[in-house]
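With JSON, C-alpha atoms inside, this is final22.json:
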```json
[["chain", "number", "residue", "atom", "x", "y", "z"],
["Q", 698, "MET", "CA", 0.00, 0.00, 0.00],
["Q", 699, "ALA", "CA", 2.88, 2.37, 0.78],
["Q", 700, "LYS", "CA", 4.33, 1.68, -2.65],
["Q", 701, "LYS", "CA", 1.00, 2.45, -4.32],
["Q", 702, "ARG", "CA", 0.76, 5.76, -2.43],
["Q", 703, "GLN", "CA", 4.34, 6.64, -3.30],
["Q", 704, "SER", "CA", 3.77, 5.96, -7.01],
["Q", 705, "SER", "CA", 0.59, 8.05, -6.86],
["Q", 706, "VAL", "CA", 2.51, 10.99, -5.42],
["Q", 707, "ILE", "CA", 5.24, 10.62, -8.03],
["Q", 708, "ARG", "CA", 2.64, 10.53, -10.81],
["Q", 709, "ARG", "CA", 1.08, 13.70, -9.46],
["Q", 710, "VAL", "CA", 4.47, 15.43, -9.36],
["Q", 711, "TYR", "CA", 5.17, 14.33, -12.95],
["Q", 712, "ALA", "CA", 1.71, 15.49, -14.01],
["Q", 713, "GLY", "CA", 2.31, 18.84, -12.32],
["Q", 714, "PHE", "CA", 5.62, 19.31, -14.14],
["Q", 715, "ALA", "CA", 3.97, 18.30, -17.42],
["Q", 716, "VAL", "CA", 1.24, 20.91, -16.88],
["Q", 717, "LEU", "CA", 3.88, 23.54, -16.11],
["Q", 718, "ALA", "CA", 5.87, 22.64, -19.22],
["Q", 719, "ILE", "CA", 2.76, 22.75, -21.43],
["Q", 720, "SER", "CA", 1.76, 26.10, -19.90],
["Q", 721, "LEU", "CA", 5.24, 27.48, -20.53],
["Q", 722, "ILE", "CA", 5.20, 26.36, -24.17],
["Q", 723, "ALA", "CA", 1.69, 27.77, -24.72],
["Q", 724, "THR", "CA", 2.62, 31.11, -23.14],
["Q", 725, "ASN", "CA", 5.76, 31.41, -25.26],
["Q", 726, "THR", "CA", 3.82, 30.58, -28.42],
["Q", 727, "LEU", "CA", 1.18, 33.22, -27.66],
["Q", 728, "ASN", "CA", 3.83, 35.82, -26.84],
["Q", 729, "LEU", "CA", 5.65, 35.12, -30.11],
["Q", 730, "ASN", "CA", 2.40, 35.48, -32.06],
["Q", 731, "ASN", "CA", 1.56, 38.75, -30.31],
["Q", 732, "SER", "CA", 5.02, 40.17, -30.90],
["Q", 733, "GLN", "CA", 4.72, 39.37, -34.61],
["Q", 734, "THR", "CA", 1.35, 41.16, -34.69],
["Q", 735, "ILE", "CA", 2.83, 44.22, -32.97],
["Q", 736, "HIS", "CA", 5.74, 44.20, -35.39],
["Q", 737, "GLY", "CA", 3.34, 44.15, -38.36],
["Q", 738, "GLN", "CA", 1.35, 47.05, -36.93],
["Q", 739, "LEU", "CA", 4.54, 49.02, -36.31],
["Q", 740, "GLU", "CA", 5.61, 48.44, -39.92],
["Q", 741, "THR", "CA", 2.23, 49.76, -41.08],
["Q", 742, "VAL", "CA", 2.53, 52.89, -38.95],
["Q", 743, "THR", "CA", 6.09, 53.47, -40.13],
["Q", 744, "SER", "CA", 5.29, 53.05, -43.81],
["Q", 745, "GLU", "CA", 1.99, 55.01, -43.86],
["Q", 746, "ALA", "CA", 2.01, 57.61, -41.11],
["Q", 747, "LEU", "CA", 5.63, 58.71, -41.11],
["Q", 748, "PRO", "CA", 5.58, 60.17, -44.64],
["Q", 749, "LEU", "CA", 2.45, 62.14, -43.72],
["Q", 750, "VAL", "CA", 4.17, 63.54, -40.65],
["Q", 751, "ASN", "CA", 7.17, 64.54, -42.75],
["Q", 752, "LEU", "CA", 4.94, 66.32, -45.27],
["Q", 753, "SER", "CA", 3.13, 68.07, -42.42],
["Q", 754, "ASN", "CA", 6.43, 69.26, -40.98],
["Q", 755, "GLU", "CA", 7.56, 70.55, -44.38],
["Q", 756, "ALA", "CA", 4.27, 72.42, -44.82],
["Q", 757, "SER", "CA", 4.62, 73.92, -41.35],
["Q", 758, "VAL", "CA", 8.14, 75.12, -42.09],
["Q", 759, "SER", "CA", 6.99, 76.61, -45.40],
["Q", 760, "LEU", "CA", 4.12, 78.44, -43.72],
["Q", 761, "LEU", "CA", 6.37, 79.79, -40.98],
["Q", 762, "THR", "CA", 8.88, 80.99, -43.58],
["Q", 763, "ALA", "CA", 6.13, 82.68, -45.59],
["Q", 764, "ASP", "CA", 4.80, 84.29, -42.41],
["Q", 765, "LYS", "CA", 8.22, 85.68, -41.58],
["Q", 766, "ILE", "CA", 8.72, 87.02, -45.11],
["Q", 767, "PHE", "CA", 5.24, 88.55, -45.09],
["Q", 768, "LYS", "CA", 5.84, 90.25, -41.74],
["Q", 769, "ASP", "CA", 9.15, 91.58, -43.07],
["Q", 770, "TYR", "CA", 7.25, 92.94, -46.07],
["Q", 771, "LEU", "CA", 4.67, 94.64, -43.86],
["Q", 772, "THR", "CA", 7.30, 96.32, -41.71],
["Q", 773, "SER", "CA", 9.60, 97.26, -44.60],
["Q", 774, "ASN", "CA", 9.83, 100.88, -45.78],
["Q", 775, "ASN", "CA", 12.24, 100.13, -48.60],
["Q", 776, "GLY", "CA", 10.51, 99.80, -52.02],
["Q", 777, "ALA", "CA", 13.22, 97.62, -53.60],
["Q", 778, "GLN", "CA", 13.16, 95.27, -50.65],
["Q", 779, "SER", "CA", 9.36, 95.13, -50.86],
["Q", 780, "GLU", "CA", 9.57, 94.06, -54.52],
["Q", 781, "GLN", "CA", 12.08, 91.37, -53.60],
["Q", 782, "VAL", "CA", 9.76, 90.09, -50.88],
["Q", 783, "CYS", "CA", 6.81, 90.08, -53.31],
["Q", 784, "SER", "CA", 8.77, 88.00, -55.80],
["Q", 785, "THR", "CA", 9.73, 85.59, -53.02],
["Q", 786, "LEU", "CA", 6.09, 85.13, -52.00],
["Q", 787, "LYS", "CA", 4.88, 84.28, -55.53],
["Q", 788, "PRO", "CA", 4.16, 80.53, -56.00],
["Q", 789, "GLN", "CA", 6.99, 78.59, -57.54],
["Q", 790, "GLY", "CA", 7.17, 75.11, -59.07],
["Q", 791, "LYS", "CA", 5.90, 72.18, -57.06],
["Q", 792, "ASN", "CA", 5.16, 74.26, -53.95],
["Q", 793, "SER", "CA", 2.25, 75.94, -55.74],
["Q", 794, "THR", "CA", 0.48, 72.73, -56.75],
["Q", 795, "ALA", "CA", -2.14, 71.24, -54.46],
["Q", 796, "ARG", "CA", -1.58, 67.74, -53.15]]
```

Could you write out this file's structure as structure tokens?
Amino acid sequence: MAKKRQSSVIRRVYAGFAVLAISLIATNTLNLNNSQTIHGQLETVTSEALPLVNLSNEASVSLLTADKIFKDYLTSNNGAQSEQVCSTLKPQGKNSTAR
């Protein structure tokens, strides 16, 4: 009877370790799948959103530059300098086309 009890305890210990090993493998598999999903989403954000942010930054810089030039024009008393500023503010090339 003592041998039967001892083998029962050993089986339970083995079963417990087997459950732990299976849980560990399942958790690692799920984590790997989730990390691949996150990586795919990050690639999407990088390829789609980043160019839009860059264009937005370029537009902001262009608007700030135009604002500075326009304020210089408004405060200028020199006629030649005013003509130069006017020529600078006229649309040029690809900057004048709508996107």

Kindly give the distance, in Å, that separates atom CA of Glu780 of chain Q and atom CA of Ala763 of chain Q, rounded to a single decimal.
-> 14.9 Å

Separation of atom CA of Thr785 of chain Q and atom CA of Ser773 of chain Q, in Å?
->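 Separation of atom CA of Thr785 of chain Q and atom CA of Ser773 of chain Q: 14.4 Å.
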
Give me, please, the distance in Å between atom CA of Leu760 of chain Q and atom CA of Thr743 of chain Q, quoted to one decimal.
-> 25.3 Å

Can you fill out segment 722-738 of chain Q with N, CA and C atoms and hand it back as a short mmCIF file (atom, residue, chain, number, x, y, z; two decimals), in the frame of the given file?
```
data_model
loop_
_atom_site.label_atom_id
_atom_site.label_comp_id
_atom_site.auth_asym_id
_atom_site.auth_seq_id
_atom_site.Cartn_x
_atom_site.Cartn_y
_atom_site.Cartn_z
N ILE Q 722 5.16 26.41 -22.71
CA ILE Q 722 5.20 26.36 -24.17
C ILE Q 722 4.05 27.17 -24.77
N ALA Q 723 2.85 27.03 -24.21
CA ALA Q 723 1.69 27.77 -24.72
C ALA Q 723 1.88 29.28 -24.54
N THR Q 724 2.39 29.68 -23.40
CA THR Q 724 2.62 31.11 -23.14
C THR Q 724 3.65 31.68 -24.10
N ASN Q 725 4.73 30.94 -24.32
CA ASN Q 725 5.76 31.41 -25.26
C ASN Q 725 5.23 31.51 -26.68
N THR Q 726 4.41 30.55 -27.08
CA THR Q 726 3.82 30.58 -28.42
C THR Q 726 2.91 31.79 -28.59
N LEU Q 727 2.07 32.06 -27.59
CA LEU Q 727 1.18 33.22 -27.66
C LEU Q 727 1.97 34.52 -27.67
N ASN Q 728 3.01 34.61 -26.87
CA ASN Q 728 3.83 35.82 -26.84
C ASN Q 728 4.53 36.05 -28.18
N LEU Q 729 5.00 35.00 -28.80
CA LEU Q 729 5.65 35.12 -30.11
C LEU Q 729 4.65 35.61 -31.16
N ASN Q 730 3.45 35.06 -31.12
CA ASN Q 730 2.40 35.48 -32.06
C ASN Q 730 2.04 36.95 -31.85
N ASN Q 731 1.90 37.35 -30.60
CA ASN Q 731 1.56 38.75 -30.31
C ASN Q 731 2.68 39.70 -30.70
N SER Q 732 3.91 39.30 -30.51
CA SER Q 732 5.02 40.17 -30.90
C SER Q 732 5.09 40.32 -32.41
N GLN Q 733 4.76 39.28 -33.16
CA GLN Q 733 4.72 39.37 -34.61
C GLN Q 733 3.60 40.30 -35.06
N THR Q 734 2.46 40.27 -34.37
CA THR Q 734 1.35 41.16 -34.69
C THR Q 734 1.74 42.61 -34.43
N ILE Q 735 2.38 42.86 -33.30
CA ILE Q 735 2.83 44.22 -32.97
C ILE Q 735 3.85 44.70 -33.98
N HIS Q 736 4.74 43.82 -34.40
CA HIS Q 736 5.74 44.20 -35.39
C HIS Q 736 5.08 44.58 -36.72
N GLY Q 737 4.08 43.83 -37.13
CA GLY Q 737 3.34 44.15 -38.36
C GLY Q 737 2.64 45.49 -38.26
N GLN Q 738 2.02 45.77 -37.12
CA GLN Q 738 1.35 47.05 -36.93
C GLN Q 738 2.34 48.20 -36.91
#
```
